[in-house]
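Below is start_9.cif, which holds mmCIF, C-alpha atoms.
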data_query
loop_
_atom_site.group_PDB
_atom_site.id
_atom_site.type_symbol
_atom_site.label_atom_id
_atom_site.label_comp_id
_atom_site.auth_asym_id
_atom_site.auth_seq_id
_atom_site.Cartn_x
_atom_site.Cartn_y
_atom_site.Cartn_z
ATOM 1 C CA MET Q 25 28.643 15.461 23.829
ATOM 2 C CA SER Q 26 24.963 15.026 22.956
ATOM 3 C CA THR Q 27 23.677 13.221 19.876
ATOM 4 C CA ARG Q 28 21.298 15.232 17.697
ATOM 5 C CA LEU Q 29 18.116 13.624 16.373
ATOM 6 C CA GLY Q 30 16.640 14.058 12.906
ATOM 7 C CA VAL Q 31 13.869 12.528 10.831
ATOM 8 C CA LEU Q 32 13.435 11.885 7.121
ATOM 9 C CA LEU Q 33 10.323 13.478 5.630
ATOM 10 C CA PRO Q 34 7.845 11.072 3.961
ATOM 11 C CA THR Q 35 8.007 12.811 0.570
ATOM 12 C CA ASN Q 36 7.177 9.747 -1.548
ATOM 13 C CA HIS Q 37 3.844 10.292 -3.294
ATOM 14 C CA THR Q 38 2.495 7.001 -1.921
ATOM 15 C CA GLN Q 39 2.842 8.354 1.617
ATOM 16 C CA TRP Q 40 0.686 11.503 1.459
ATOM 17 C CA ASN Q 41 -2.521 12.777 -0.151
ATOM 18 C CA ASP Q 42 -1.788 16.480 0.451
ATOM 19 C CA ALA Q 43 1.812 17.634 0.108
ATOM 20 C CA ARG Q 44 1.168 20.593 2.400
ATOM 21 C CA LYS Q 45 0.936 18.119 5.274
ATOM 22 C CA LEU Q 46 4.692 17.613 4.879
ATOM 23 C CA VAL Q 47 5.177 21.171 6.129
ATOM 24 C CA ASP Q 48 2.933 20.371 9.103
ATOM 25 C CA PHE Q 49 5.023 17.225 9.691
ATOM 26 C CA ALA Q 50 8.219 19.282 9.936
ATOM 27 C CA VAL Q 51 6.599 21.852 12.232
ATOM 28 C CA ARG Q 52 5.421 19.017 14.481
ATOM 29 C CA ALA Q 53 8.936 17.557 14.544
ATOM 30 C CA GLU Q 54 10.322 20.922 15.633
ATOM 31 C CA ARG Q 55 7.771 21.189 18.441
ATOM 32 C CA LEU Q 56 8.635 17.660 19.608
ATOM 33 C CA GLY Q 57 12.287 18.636 19.974
ATOM 34 C CA TYR Q 58 13.819 17.096 16.883
ATOM 35 C CA ASP Q 59 16.983 18.827 15.734
ATOM 36 C CA SER Q 60 16.602 18.298 11.987
ATOM 37 C CA VAL Q 61 14.391 17.170 9.105
ATOM 38 C CA TRP Q 62 15.678 15.701 5.855
ATOM 39 C CA ALA Q 63 14.449 15.139 2.294
ATOM 40 C CA ASN Q 64 15.749 12.417 -0.011
ATOM 41 C CA ASP Q 65 16.333 12.505 -3.751
ATOM 42 C CA THR Q 66 15.568 10.045 -6.521
ATOM 43 C CA LEU Q 67 14.048 10.011 -10.003
ATOM 44 C CA LEU Q 68 12.719 6.481 -9.441
ATOM 45 C CA GLY Q 69 9.178 7.220 -8.368
ATOM 46 C CA ALA Q 70 7.007 10.273 -7.785
ATOM 47 C CA ARG Q 71 7.887 12.483 -4.811
ATOM 48 C CA ILE Q 72 8.329 16.080 -3.751
ATOM 49 C CA GLU Q 73 11.664 17.354 -5.054
ATOM 50 C CA PRO Q 74 13.998 17.834 -2.052
ATOM 51 C CA LEU Q 75 15.189 21.389 -2.684
ATOM 52 C CA ALA Q 76 11.612 22.561 -3.259
ATOM 53 C CA MET Q 77 10.654 20.791 -0.025
ATOM 54 C CA LEU Q 78 13.366 22.500 2.018
ATOM 55 C CA ALA Q 79 12.603 25.901 0.507
ATOM 56 C CA ALA Q 80 8.988 25.476 1.655
ATOM 57 C CA LEU Q 81 10.145 24.577 5.172
ATOM 58 C CA ALA Q 82 12.535 27.515 5.581
ATOM 59 C CA PRO Q 83 9.872 30.106 6.549
ATOM 60 C CA ALA Q 84 7.661 27.565 8.345
ATOM 61 C CA THR Q 85 10.323 26.503 10.867
ATOM 62 C CA GLU Q 86 12.622 28.452 13.148
ATOM 63 C CA ARG Q 87 15.185 26.132 14.700
ATOM 64 C CA LEU Q 88 15.363 22.915 12.672
ATOM 65 C CA THR Q 89 18.362 22.054 10.551
ATOM 66 C CA LEU Q 90 17.084 21.419 7.010
ATOM 67 C CA GLY Q 91 18.973 18.679 5.218
ATOM 68 C CA THR Q 92 19.172 16.500 2.133
ATOM 69 C CA ALA Q 93 19.657 12.780 2.745
ATOM 70 C CA ALA Q 94 20.949 12.458 0.244
ATOM 71 C CA LEU Q 95 20.999 14.842 -2.699
ATOM 72 C CA LEU Q 96 22.258 13.395 -5.996
ATOM 73 C CA PRO Q 97 23.953 16.391 -7.679
ATOM 74 C CA ALA Q 98 24.354 14.573 -11.006
ATOM 75 C CA PHE Q 99 20.640 15.160 -11.678
ATOM 76 C CA ARG Q 100 21.109 18.960 -11.712
ATOM 77 C CA ARG Q 101 23.227 21.496 -13.567
ATOM 78 C CA PRO Q 102 26.032 22.301 -11.091
ATOM 79 C CA VAL Q 103 25.923 26.100 -11.403
ATOM 80 C CA THR Q 104 22.138 26.183 -11.078
ATOM 81 C CA ALA Q 105 22.263 23.857 -8.078
ATOM 82 C CA ALA Q 106 24.777 26.134 -6.367
ATOM 83 C CA GLN Q 107 22.333 29.034 -6.696
ATOM 84 C CA GLU Q 108 19.413 26.918 -5.429
ATOM 85 C CA LEU Q 109 21.354 25.747 -2.386
ATOM 86 C CA ALA Q 110 22.632 29.238 -1.574
ATOM 87 C CA SER Q 111 19.056 30.511 -1.815
ATOM 88 C CA ILE Q 112 17.807 27.931 0.698
ATOM 89 C CA ASP Q 113 20.756 28.756 2.937
ATOM 90 C CA HIS Q 114 19.616 32.405 2.936
ATOM 91 C CA LEU Q 115 15.907 31.630 3.311
ATOM 92 C CA SER Q 116 16.641 29.436 6.341
ATOM 93 C CA ALA Q 117 19.195 31.866 7.834
ATOM 94 C CA GLY Q 118 21.972 29.316 7.639
ATOM 95 C CA ARG Q 119 20.145 26.148 8.694
ATOM 96 C CA LEU Q 120 20.935 24.068 5.592
ATOM 97 C CA VAL Q 121 23.069 20.898 5.542
ATOM 98 C CA VAL Q 122 23.667 19.173 2.204
ATOM 99 C CA ALA Q 123 24.392 15.442 2.334
ATOM 100 C CA VAL Q 124 25.288 14.195 -1.151
ATOM 101 C CA GLY Q 125 25.780 10.867 -2.895
ATOM 102 C CA ALA Q 126 26.611 9.396 -6.279
ATOM 103 C CA GLY Q 127 23.828 6.804 -6.564
ATOM 104 C CA PHE Q 128 23.705 3.012 -6.356
ATOM 105 C CA PRO Q 129 24.947 0.464 -8.921
ATOM 106 C CA GLY Q 130 22.088 -1.550 -10.354
ATOM 107 C CA ARG Q 131 19.604 1.167 -9.473
ATOM 108 C CA SER Q 132 20.839 4.641 -10.417
ATOM 109 C CA GLU Q 133 22.143 4.071 -13.942
ATOM 110 C CA ILE Q 134 18.755 4.944 -15.441
ATOM 111 C CA GLU Q 135 18.639 8.155 -13.376
ATOM 112 C CA TYR Q 136 21.993 9.204 -14.803
ATOM 113 C CA ALA Q 137 20.840 8.318 -18.310
ATOM 114 C CA VAL Q 138 17.697 10.471 -18.178
ATOM 115 C CA SER Q 139 19.794 13.279 -16.630
ATOM 116 C CA GLU Q 140 22.179 12.986 -19.610
ATOM 117 C CA VAL Q 141 25.167 12.521 -17.306
ATOM 118 C CA PRO Q 142 27.660 9.667 -17.809
ATOM 119 C CA TRP Q 143 27.728 6.973 -15.147
ATOM 120 C CA GLU Q 144 31.508 6.683 -15.499
ATOM 121 C CA ARG Q 145 33.656 8.842 -13.197
ATOM 122 C CA ARG Q 146 30.601 9.642 -11.103
ATOM 123 C CA PHE Q 147 32.594 9.943 -7.860
ATOM 124 C CA ARG Q 148 35.081 12.370 -9.391
ATOM 125 C CA ARG Q 149 32.151 14.330 -10.857
ATOM 126 C CA LEU Q 150 30.514 14.485 -7.428
ATOM 127 C CA ASP Q 151 33.662 15.779 -5.723
ATOM 128 C CA ASP Q 152 34.201 18.326 -8.502
ATOM 129 C CA THR Q 153 30.606 19.518 -8.174
ATOM 130 C CA VAL Q 154 31.022 20.103 -4.442
ATOM 131 C CA SER Q 155 34.271 21.993 -5.010
ATOM 132 C CA LEU Q 156 32.622 24.056 -7.761
ATOM 133 C CA TRP Q 157 29.728 24.966 -5.439
ATOM 134 C CA ARG Q 158 32.164 26.192 -2.806
ATOM 135 C CA ALA Q 159 34.047 28.213 -5.413
ATOM 136 C CA LEU Q 160 30.831 29.848 -6.618
ATOM 137 C CA TRP Q 161 29.656 30.644 -3.089
ATOM 138 C CA ALA Q 162 33.016 32.296 -2.436
ATOM 139 C CA GLY Q 163 32.674 34.492 -5.521
ATOM 140 C CA GLU Q 164 35.289 32.800 -7.685
ATOM 141 C CA ARG Q 165 34.923 33.233 -11.452
ATOM 142 C CA ALA Q 166 36.808 30.162 -12.718
ATOM 143 C CA PHE Q 167 37.059 26.503 -11.731
ATOM 144 C CA HIS Q 168 39.318 23.734 -13.013
ATOM 145 C CA GLY Q 169 38.588 20.241 -11.724
ATOM 146 C CA GLU Q 170 39.213 16.844 -13.247
ATOM 147 C CA VAL Q 171 35.735 16.529 -14.769
ATOM 148 C CA LEU Q 172 34.233 20.031 -14.502
ATOM 149 C CA ARG Q 173 36.155 22.965 -15.954
ATOM 150 C CA HIS Q 174 34.959 26.553 -16.358
ATOM 151 C CA ASP Q 175 37.105 29.487 -17.449
ATOM 152 C CA ASP Q 176 34.400 32.145 -17.163
ATOM 153 C CA LEU Q 177 31.837 31.601 -14.409
ATOM 154 C CA PRO Q 178 29.015 34.118 -13.953
ATOM 155 C CA GLU Q 179 28.481 35.904 -10.691
ATOM 156 C CA SER Q 180 26.601 33.544 -8.399
ATOM 157 C CA THR Q 181 24.516 33.918 -5.251
ATOM 158 C CA PRO Q 182 26.896 33.828 -2.270
ATOM 159 C CA SER Q 183 26.092 31.503 0.601
ATOM 160 C CA TYR Q 184 24.569 32.803 3.816
ATOM 161 C CA ARG Q 185 27.505 31.442 5.807
ATOM 162 C CA PRO Q 186 31.139 31.965 4.817
ATOM 163 C CA GLY Q 187 32.323 28.776 3.131
ATOM 164 C CA GLY Q 188 28.787 27.683 2.354
ATOM 165 C CA PRO Q 189 26.466 25.194 4.059
ATOM 166 C CA PRO Q 190 28.140 22.072 5.468
ATOM 167 C CA ILE Q 191 28.366 19.300 2.880
ATOM 168 C CA TRP Q 192 28.326 15.692 4.072
ATOM 169 C CA LEU Q 193 29.068 12.560 2.087
ATOM 170 C CA ALA Q 194 26.596 9.670 2.224
ATOM 171 C CA GLY Q 195 28.614 6.507 1.632
ATOM 172 C CA GLY Q 196 30.451 3.693 3.352
ATOM 173 C CA SER Q 197 32.914 2.307 0.805
ATOM 174 C CA SER Q 198 36.647 2.589 1.474
ATOM 175 C CA SER Q 199 36.823 5.279 -1.214
ATOM 176 C CA ALA Q 200 33.951 7.207 0.395
ATOM 177 C CA LEU Q 201 35.665 7.087 3.785
ATOM 178 C CA GLU Q 202 38.865 8.556 2.365
ATOM 179 C CA ARG Q 203 37.039 11.223 0.369
ATOM 180 C CA THR Q 204 34.996 12.216 3.423
ATOM 181 C CA GLY Q 205 38.186 12.816 5.360
ATOM 182 C CA TRP Q 206 39.758 14.798 2.532
ATOM 183 C CA LEU Q 207 36.886 16.995 1.352
ATOM 184 C CA TYR Q 208 33.614 16.822 3.274
ATOM 185 C CA ASP Q 209 32.187 18.366 6.437
ATOM 186 C CA GLY Q 210 30.282 15.296 7.611
ATOM 187 C CA TRP Q 211 29.721 11.579 7.092
ATOM 188 C CA LEU Q 212 26.228 10.046 6.719
ATOM 189 C CA PRO Q 213 26.427 6.253 6.267
ATOM 190 C CA TYR Q 214 24.014 3.450 7.233
ATOM 191 C CA PRO Q 215 26.245 0.523 8.303
ATOM 192 C CA PRO Q 216 24.194 -2.439 9.551
ATOM 193 C CA ASP Q 217 26.318 -2.998 12.659
ATOM 194 C CA VAL Q 218 27.981 -0.819 15.259
ATOM 195 C CA ALA Q 219 31.434 -2.322 14.713
ATOM 196 C CA GLY Q 220 31.293 -1.308 11.056
ATOM 197 C CA TYR Q 221 30.346 2.235 12.023
ATOM 198 C CA ARG Q 222 33.182 2.505 14.525
ATOM 199 C CA ALA Q 223 35.738 1.195 12.014
ATOM 200 C CA GLY Q 224 34.446 3.523 9.293
ATOM 201 C CA LEU Q 225 34.671 6.557 11.534
ATOM 202 C CA LYS Q 226 38.276 5.699 12.406
ATOM 203 C CA ALA Q 227 39.083 5.499 8.681
ATOM 204 C CA VAL Q 228 37.479 8.901 8.103
ATOM 205 C CA SER Q 229 39.538 10.385 10.938
ATOM 206 C CA ARG Q 230 42.771 8.912 9.569
ATOM 207 C CA ALA Q 231 42.047 10.320 6.120
ATOM 208 C CA ALA Q 232 41.306 13.750 7.584
ATOM 209 C CA GLU Q 233 44.536 13.788 9.538
ATOM 210 C CA SER Q 234 46.523 12.701 6.463
ATOM 211 C CA ALA Q 235 45.033 15.667 4.607
ATOM 212 C CA GLY Q 236 45.980 18.071 7.385
ATOM 213 C CA ARG Q 237 42.411 18.444 8.616
ATOM 214 C CA LEU Q 238 41.050 18.091 12.133
ATOM 215 C CA ALA Q 239 38.921 14.977 12.514
ATOM 216 C CA GLU Q 240 36.667 17.006 14.823
ATOM 217 C CA ALA Q 241 35.732 19.218 11.864
ATOM 218 C CA ILE Q 242 33.786 16.319 10.324
ATOM 219 C CA THR Q 243 30.337 15.577 11.776
ATOM 220 C CA PRO Q 244 29.821 11.817 12.256
ATOM 221 C CA ALA Q 245 26.189 11.052 11.479
ATOM 222 C CA LEU Q 246 24.053 7.932 10.948
ATOM 223 C CA PHE Q 247 21.106 7.141 8.686
ATOM 224 C CA VAL Q 248 18.918 4.436 10.240
ATOM 225 C CA THR Q 249 15.485 2.941 9.563
ATOM 226 C CA VAL Q 250 13.411 2.913 12.755
ATOM 227 C CA LEU Q 251 10.048 1.537 13.897
ATOM 228 C CA ILE Q 252 8.682 1.410 17.453
ATOM 229 C CA SER Q 253 6.115 -1.297 18.164
ATOM 230 C CA GLY Q 254 4.450 -3.026 21.081
ATOM 231 C CA ASP Q 255 6.678 -6.089 20.825
ATOM 232 C CA ALA Q 256 9.660 -7.320 18.833
ATOM 233 C CA GLU Q 257 7.706 -9.755 16.648
ATOM 234 C CA GLN Q 258 5.200 -7.107 15.599
ATOM 235 C CA GLY Q 259 8.040 -4.739 14.824
ATOM 236 C CA GLU Q 260 9.758 -7.291 12.615
ATOM 237 C CA ARG Q 261 6.536 -8.004 10.707
ATOM 238 C CA GLU Q 262 5.923 -4.324 10.036
ATOM 239 C CA LEU Q 263 9.561 -3.738 9.095
ATOM 240 C CA ASP Q 264 9.439 -6.643 6.663
ATOM 241 C CA ALA Q 265 6.286 -5.256 5.040
ATOM 242 C CA TYR Q 266 7.977 -1.859 4.692
ATOM 243 C CA CYS Q 267 11.094 -3.351 3.084
ATOM 244 C CA ARG Q 268 9.071 -5.435 0.638
ATOM 245 C CA ALA Q 269 7.008 -2.386 -0.362
ATOM 246 C CA THR Q 270 10.070 -0.130 -0.670
ATOM 247 C CA TYR Q 271 12.685 -2.482 -2.169
ATOM 248 C CA GLY Q 272 10.848 -5.647 -3.128
ATOM 249 C CA LEU Q 273 13.121 -7.471 -0.679
ATOM 250 C CA PRO Q 274 12.571 -9.039 2.762
ATOM 251 C CA SER Q 275 13.890 -7.181 5.784
ATOM 252 C CA GLU Q 276 16.405 -9.949 6.514
ATOM 253 C CA THR Q 277 18.123 -9.089 3.219
ATOM 254 C CA VAL Q 278 17.913 -5.290 3.569
ATOM 255 C CA ARG Q 279 19.285 -5.314 7.118
ATOM 256 C CA THR Q 280 22.519 -6.909 5.904
ATOM 257 C CA ILE Q 281 23.107 -3.650 4.007
ATOM 258 C CA GLN Q 282 21.424 -0.942 6.070
ATOM 259 C CA ALA Q 283 21.115 0.030 9.723
ATOM 260 C CA MET Q 284 17.604 -0.930 10.854
ATOM 261 C CA VAL Q 285 15.917 -1.385 14.214
ATOM 262 C CA ALA Q 286 12.315 -2.269 15.067
ATOM 263 C CA GLY Q 287 10.674 -3.246 18.325
ATOM 264 C CA PRO Q 288 9.790 -1.800 21.725
ATOM 265 C CA ALA Q 289 10.973 1.713 22.567
ATOM 266 C CA GLY Q 290 13.657 0.495 24.949
ATOM 267 C CA GLN Q 291 15.143 -1.801 22.325
ATOM 268 C CA VAL Q 292 15.252 0.984 19.739
ATOM 269 C CA ALA Q 293 16.825 3.443 22.207
ATOM 270 C CA GLU Q 294 19.417 0.898 23.287
ATOM 271 C CA THR Q 295 20.423 0.132 19.698
ATOM 272 C CA LEU Q 296 20.821 3.802 18.777
ATOM 273 C CA ALA Q 297 22.722 4.463 22.004
ATOM 274 C CA ARG Q 298 25.318 1.910 20.886
ATOM 275 C CA TYR Q 299 25.860 3.858 17.663
ATOM 276 C CA ALA Q 300 26.161 7.034 19.726
ATOM 277 C CA GLU Q 301 28.796 5.348 21.888
ATOM 278 C CA ALA Q 302 30.642 4.446 18.675
ATOM 279 C CA GLY Q 303 30.774 8.132 17.754
ATOM 280 C CA ALA Q 304 27.542 9.043 15.940
ATOM 281 C CA ARG Q 305 26.664 12.659 16.732
ATOM 282 C CA HIS Q 306 23.641 13.148 14.483
ATOM 283 C CA VAL Q 307 21.138 10.337 13.904
ATOM 284 C CA VAL Q 308 18.704 10.648 10.980
ATOM 285 C CA CYS Q 309 15.734 8.309 11.390
ATOM 286 C CA ARG Q 310 13.784 7.017 8.421
ATOM 287 C CA ILE Q 311 10.456 5.853 9.818
ATOM 288 C CA ALA Q 312 9.371 2.440 8.501
ATOM 289 C CA ALA Q 313 5.672 3.285 8.300
ATOM 290 C CA PRO Q 314 3.614 3.502 5.093
ATOM 291 C CA THR Q 315 1.731 6.808 5.400
ATOM 292 C CA ILE Q 316 2.267 10.296 6.777
ATOM 293 C CA ASP Q 317 -0.395 9.678 9.436
ATOM 294 C CA THR Q 318 1.266 6.502 10.726
ATOM 295 C CA GLN Q 319 4.604 8.289 10.587
ATOM 296 C CA LEU Q 320 3.230 11.114 12.734
ATOM 297 C CA ASP Q 321 2.354 8.525 15.384
ATOM 298 C CA GLN Q 322 5.895 7.157 15.181
ATOM 299 C CA LEU Q 323 7.331 10.674 15.305
ATOM 300 C CA GLU Q 324 5.932 11.080 18.815
ATOM 301 C CA LEU Q 325 6.977 7.608 19.965
ATOM 302 C CA ILE Q 326 10.555 8.071 18.747
ATOM 303 C CA ALA Q 327 10.831 11.498 20.361
ATOM 304 C CA ALA Q 328 9.653 10.066 23.680
ATOM 305 C CA ALA Q 329 11.964 7.052 23.448
ATOM 306 C CA LEU Q 330 15.092 9.031 22.650
ATOM 307 C CA SER Q 331 14.679 12.016 24.923
ATOM 308 C CA PRO Q 332 17.084 12.420 27.882
ATOM 309 C CA GLY Q 333 15.991 10.678 31.067
ATOM 310 C CA THR Q 334 14.448 7.617 29.438
ATOM 311 C CA GLN Q 335 15.459 4.171 30.646
ATOM 312 C CA ASN Q 336 17.938 3.729 27.821
ATOM 313 C CA GLU Q 337 19.331 7.227 27.607
ATOM 314 C CA PHE Q 338 20.152 8.281 24.049
ATOM 315 C CA VAL Q 339 21.852 11.573 24.872
ATOM 316 C CA GLU Q 340 25.285 11.098 26.374
ATOM 317 C CA SER Q 341 26.729 13.349 29.038
#
Would you kindly transcribe this structure into structure tokens?
Amino acid sequence: MSTRLGVLLPTNHTQWNDARKLVDFAVRAERLGYDSVWANDTLLGARIEPLAMLAALAPATERLTLGTAALLPAFRRPVTAAQELASIDHLSAGRLVVAVGAGFPGRSEIEYAVSEVPWERRFRRLDDTVSLWRALWAGERAFHGEVLRHDDLPESTPSYRPGGPPIWLAGGSSSALERTGWLYDGWLPYPPDVAGYRAGLKAVSRAAESAGRLAEAITPALFVTVLISGDAEQGERELDAYCRATYGLPSETVRTIQAMVAGPAGQVAETLARYAEAGARHVVCRIAAPTIDTQLDQLELIAAALSPGTQNEFVES
């Protein structure tokens, strides 16, 4: 089974001087053979809103999967969000994938506050929102969850595909693993080591089987920060600069939490191949470069490094 390759769009306002270049970035990714492009979601800093970004890409691309990595549904009214997502699903002719999350302690509380949504019970609210979306896309007129309850839902835009676009959960906690197996169509974590990924995927599969679902129905994906450089030391310097600019933390701290790899092309390909061997079937690369122009350079290097037939083959047979 081959591993699909995706890339996160550089939608942060510090990374571009003309937002229309983001559309060109996605078109270039499609021409280079990438399988997907993704937009992230946060209220902490100026950026292009992810659903607006994907709507703009729908008519500009033909083959690419368009994804959120990850959407935070708590920032949006659930019924409105269902209509927005169904609309993108139609505009892209069924190419949408929605990875969702509930935010990060110590970082996302202010985002919940300005969205006027309580931080408490955020995981239950997230699961209810996903179930409500699916109910709306199927034409149901009432929904009764633990947090969200509606006796009289209006008619909503149906999804392009029966059942709606696939919804993945971005998370690696024990609770997230169980909930992925019970409810979601895919898993998008960023564990810093391959052993952690393999163990997490086994937990997801066990949870799916306990819920009477086929483990094969859940797409195992990976979110990873990537940088290709001439040598390992240069790669580590540039990765450290990226982490300090993004998080205010050195790379040695961030890599204890997130999957990250920087260095020569062979080293990057070998690292990602190990995750593929552990079960990852869709790898989403966040490029650790500061601007859209430097990311375009990396886009080509990563595509060349991870294409079939390279020394460290990324695609398994």
Checklist entry - Can you list what the PyMOL selection byres ((chain Q and resi 220-224) around 8) grabs from this structure, as a VMD selection string? => result chain Q and resid 196 201 215 to 219 225 to 228 299 302 to 303
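The two atoms in question, atom CA of Q:Gly30 and atom CA of Q:Ala286, are spaced 17.0 Å apart.
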Item to check | atom CA of Q:Thr318 to atom CA of Q:Val285, distance in Å rounded to a single decimal | outcome: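 About the pair atom CA of Q:Thr318 and atom CA of Q:Val285: they are 17.0 Å apart.
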Item to check | Selection as a PyMOL selection string: residues within 12 Å of (25.4, 5.4, -6.2), counting all atoms listed in the file | outcome: chain Q and resi 65-66+94-98+124-136+143-147+150+193-197+200
Next on the checklist: Could you tell me how far atom CA of Q:Val121 sits from atom CA of Q:Ile252, in Å to one decimal place?
Outcome noted: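 Separation between atom CA of Q:Ile252 and atom CA of Q:Val121: 27.0 Å.
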Checklist entry - In terms of the shortest atom-to-atom distance over only C-alpha atoms, which of Q:Ser180, Q:Arg87, Q:Arg44, Q:Leu75 is closest to Q:Val103? => result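 Ranking Q:Ser180, Q:Arg87, Q:Arg44, Q:Leu75 by distance to Q:Val103, first place goes to Q:Ser180.
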Item to check | Among listed residues Q:Leu68, Q:Leu81, Q:Val171, Q:Val250, nearest Q:Ile112 (using only C-alpha atoms) | outcome: Q:Leu81
Checklist entry - Using only C-alpha atoms, which of the listed residues (Q:Ala245, Q:Val308, Q:Leu207, Q:Leu156) sits closest to Q:Ala231? => result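 Looking only at the distances to Q:Ala231, the closest residue turns out to be Q:Leu207.
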Checklist entry - Using all atoms listed in the file, which residues sit within 12 Å of Q:Arg185 once same-chain residues fewer than 3 positions away are excluded, as JSON, numbers by chain? => result {"Q": [109, 110, 111, 112, 113, 114, 115, 116, 117, 118, 119, 120, 121, 158, 161, 162, 181, 182, 188, 189, 190]}
Could you take the residues named above and write them with C-alpha atoms, as a short mmCIF file (atom, residue, chain, number, x, y, z; two decimals), in the frame of the given file?
data_model
loop_
_atom_site.label_atom_id
_atom_site.label_comp_id
_atom_site.auth_asym_id
_atom_site.auth_seq_id
_atom_site.Cartn_x
_atom_site.Cartn_y
_atom_site.Cartn_z
CA LEU Q 109 21.35 25.75 -2.39
CA ALA Q 110 22.63 29.24 -1.57
CA SER Q 111 19.06 30.51 -1.82
CA ILE Q 112 17.81 27.93 0.70
CA ASP Q 113 20.76 28.76 2.94
CA HIS Q 114 19.62 32.40 2.94
CA LEU Q 115 15.91 31.63 3.31
CA SER Q 116 16.64 29.44 6.34
CA ALA Q 117 19.20 31.87 7.83
CA GLY Q 118 21.97 29.32 7.64
CA ARG Q 119 20.14 26.15 8.69
CA LEU Q 120 20.94 24.07 5.59
CA VAL Q 121 23.07 20.90 5.54
CA ARG Q 158 32.16 26.19 -2.81
CA TRP Q 161 29.66 30.64 -3.09
CA ALA Q 162 33.02 32.30 -2.44
CA THR Q 181 24.52 33.92 -5.25
CA PRO Q 182 26.90 33.83 -2.27
CA GLY Q 188 28.79 27.68 2.35
CA PRO Q 189 26.47 25.19 4.06
CA PRO Q 190 28.14 22.07 5.47
#
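Put simply, the PyMOL selection byres ((chain Q and resi 291-295) around 8) on this file hits Val250, Leu251, Ile252, Val285, Ala286, Gly287, Pro288, Ala289, Gly290, Leu296, Ala297, Arg298, Tyr299, Ala329, Leu330, Asn336, Glu337 and Phe338 of chain Q.
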Checklist entry - If we count only C-alpha atoms, what is near Q:Leu46 at a cut-off of 12 Å, once residues fewer than 3 positions away on the same chain are taken out, given as a ChimeraX atom specification? => result /Q:32-37,39-43,49-53,61-63,71-72,74,76-78,80-81,84,315-317,319-320
Checklist entry - Pick from Q:Arg230, Q:Arg100, Q:Glu324, Q:Tyr208: nearest to Q:Glu140, with all atoms listed in the file counted? => result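 Using all atoms listed in the file, Q:Glu140 sits closest to Q:Arg100.
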Residues returned when the PyMOL selection byres ((chain Q and resi 281) around 8) runs on this file, as a compact mmCIF listing (two decimals) with C-alpha atoms, in the frame of the given file:
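The result, stored in part24.txt:
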# COMPACT_ATOMS: atom_id res chain seq x y z
CA TYR Q 214 24.01 3.45 7.23
CA PRO Q 215 26.24 0.52 8.30
CA PRO Q 216 24.19 -2.44 9.55
CA THR Q 277 18.12 -9.09 3.22
CA VAL Q 278 17.91 -5.29 3.57
CA ARG Q 279 19.28 -5.31 7.12
CA THR Q 280 22.52 -6.91 5.90
CA GLN Q 282 21.42 -0.94 6.07
CA ALA Q 283 21.12 0.03 9.72
Item to check | Residue contacts of Q:Pro178 (9 Å, all atoms listed in the file) excluding same-chain residues fewer than 6 positions away, as a list of chain:residue names | outcome: Q:Val103, Q:Leu160, Q:Glu164, Q:Arg165, Q:Ala166
Store the residues picked out above, limited to C-alpha atoms, as a PDB file, keeping the file's coordinate frame.
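Okay, part.pdb is ready:
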ATOM      1  CA  VAL Q 103      25.923  26.100 -11.403  1.00  0.00           C
ATOM      2  CA  LEU Q 160      30.831  29.848  -6.618  1.00  0.00           C
ATOM      3  CA  GLU Q 164      35.289  32.800  -7.685  1.00  0.00           C
ATOM      4  CA  ARG Q 165      34.923  33.233 -11.452  1.00  0.00           C
ATOM      5  CA  ALA Q 166      36.808  30.162 -12.718  1.00  0.00           C
TER       6      ALA Q 166
END
Could I get stretch 58-63 of chain Q rebuilt with N, CA, C and O atoms, written as a JSON list (two decimals), in the frame of the given file?
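Written out: result.json:
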[["chain", "number", "residue", "atom", "x", "y", "z"],
["Q", 58, "TYR", "N", 12.85, 17.59, 17.86],
["Q", 58, "TYR", "CA", 13.82, 17.10, 16.88],
["Q", 58, "TYR", "C", 14.76, 18.23, 16.48],
["Q", 58, "TYR", "O", 14.38, 19.41, 16.47],
["Q", 59, "ASP", "N", 15.98, 17.85, 16.13],
["Q", 59, "ASP", "CA", 16.98, 18.83, 15.73],
["Q", 59, "ASP", "C", 17.00, 19.10, 14.24],
["Q", 59, "ASP", "O", 17.49, 20.14, 13.80],
["Q", 60, "SER", "N", 16.48, 18.15, 13.44],
["Q", 60, "SER", "CA", 16.60, 18.30, 11.99],
["Q", 60, "SER", "C", 15.53, 17.50, 11.27],
["Q", 60, "SER", "O", 14.99, 16.52, 11.80],
["Q", 61, "VAL", "N", 15.23, 17.94, 10.03],
["Q", 61, "VAL", "CA", 14.39, 17.17, 9.10],
["Q", 61, "VAL", "C", 15.13, 17.09, 7.78],
["Q", 61, "VAL", "O", 15.89, 17.99, 7.41],
["Q", 62, "TRP", "N", 14.89, 16.00, 7.03],
["Q", 62, "TRP", "CA", 15.68, 15.70, 5.86],
["Q", 62, "TRP", "C", 14.77, 15.25, 4.71],
["Q", 62, "TRP", "O", 13.73, 14.63, 4.94],
["Q", 63, "ALA", "N", 15.19, 15.55, 3.49],
["Q", 63, "ALA", "CA", 14.45, 15.14, 2.29],
["Q", 63, "ALA", "C", 15.39, 14.34, 1.40],
["Q", 63, "ALA", "O", 16.55, 14.74, 1.20]]
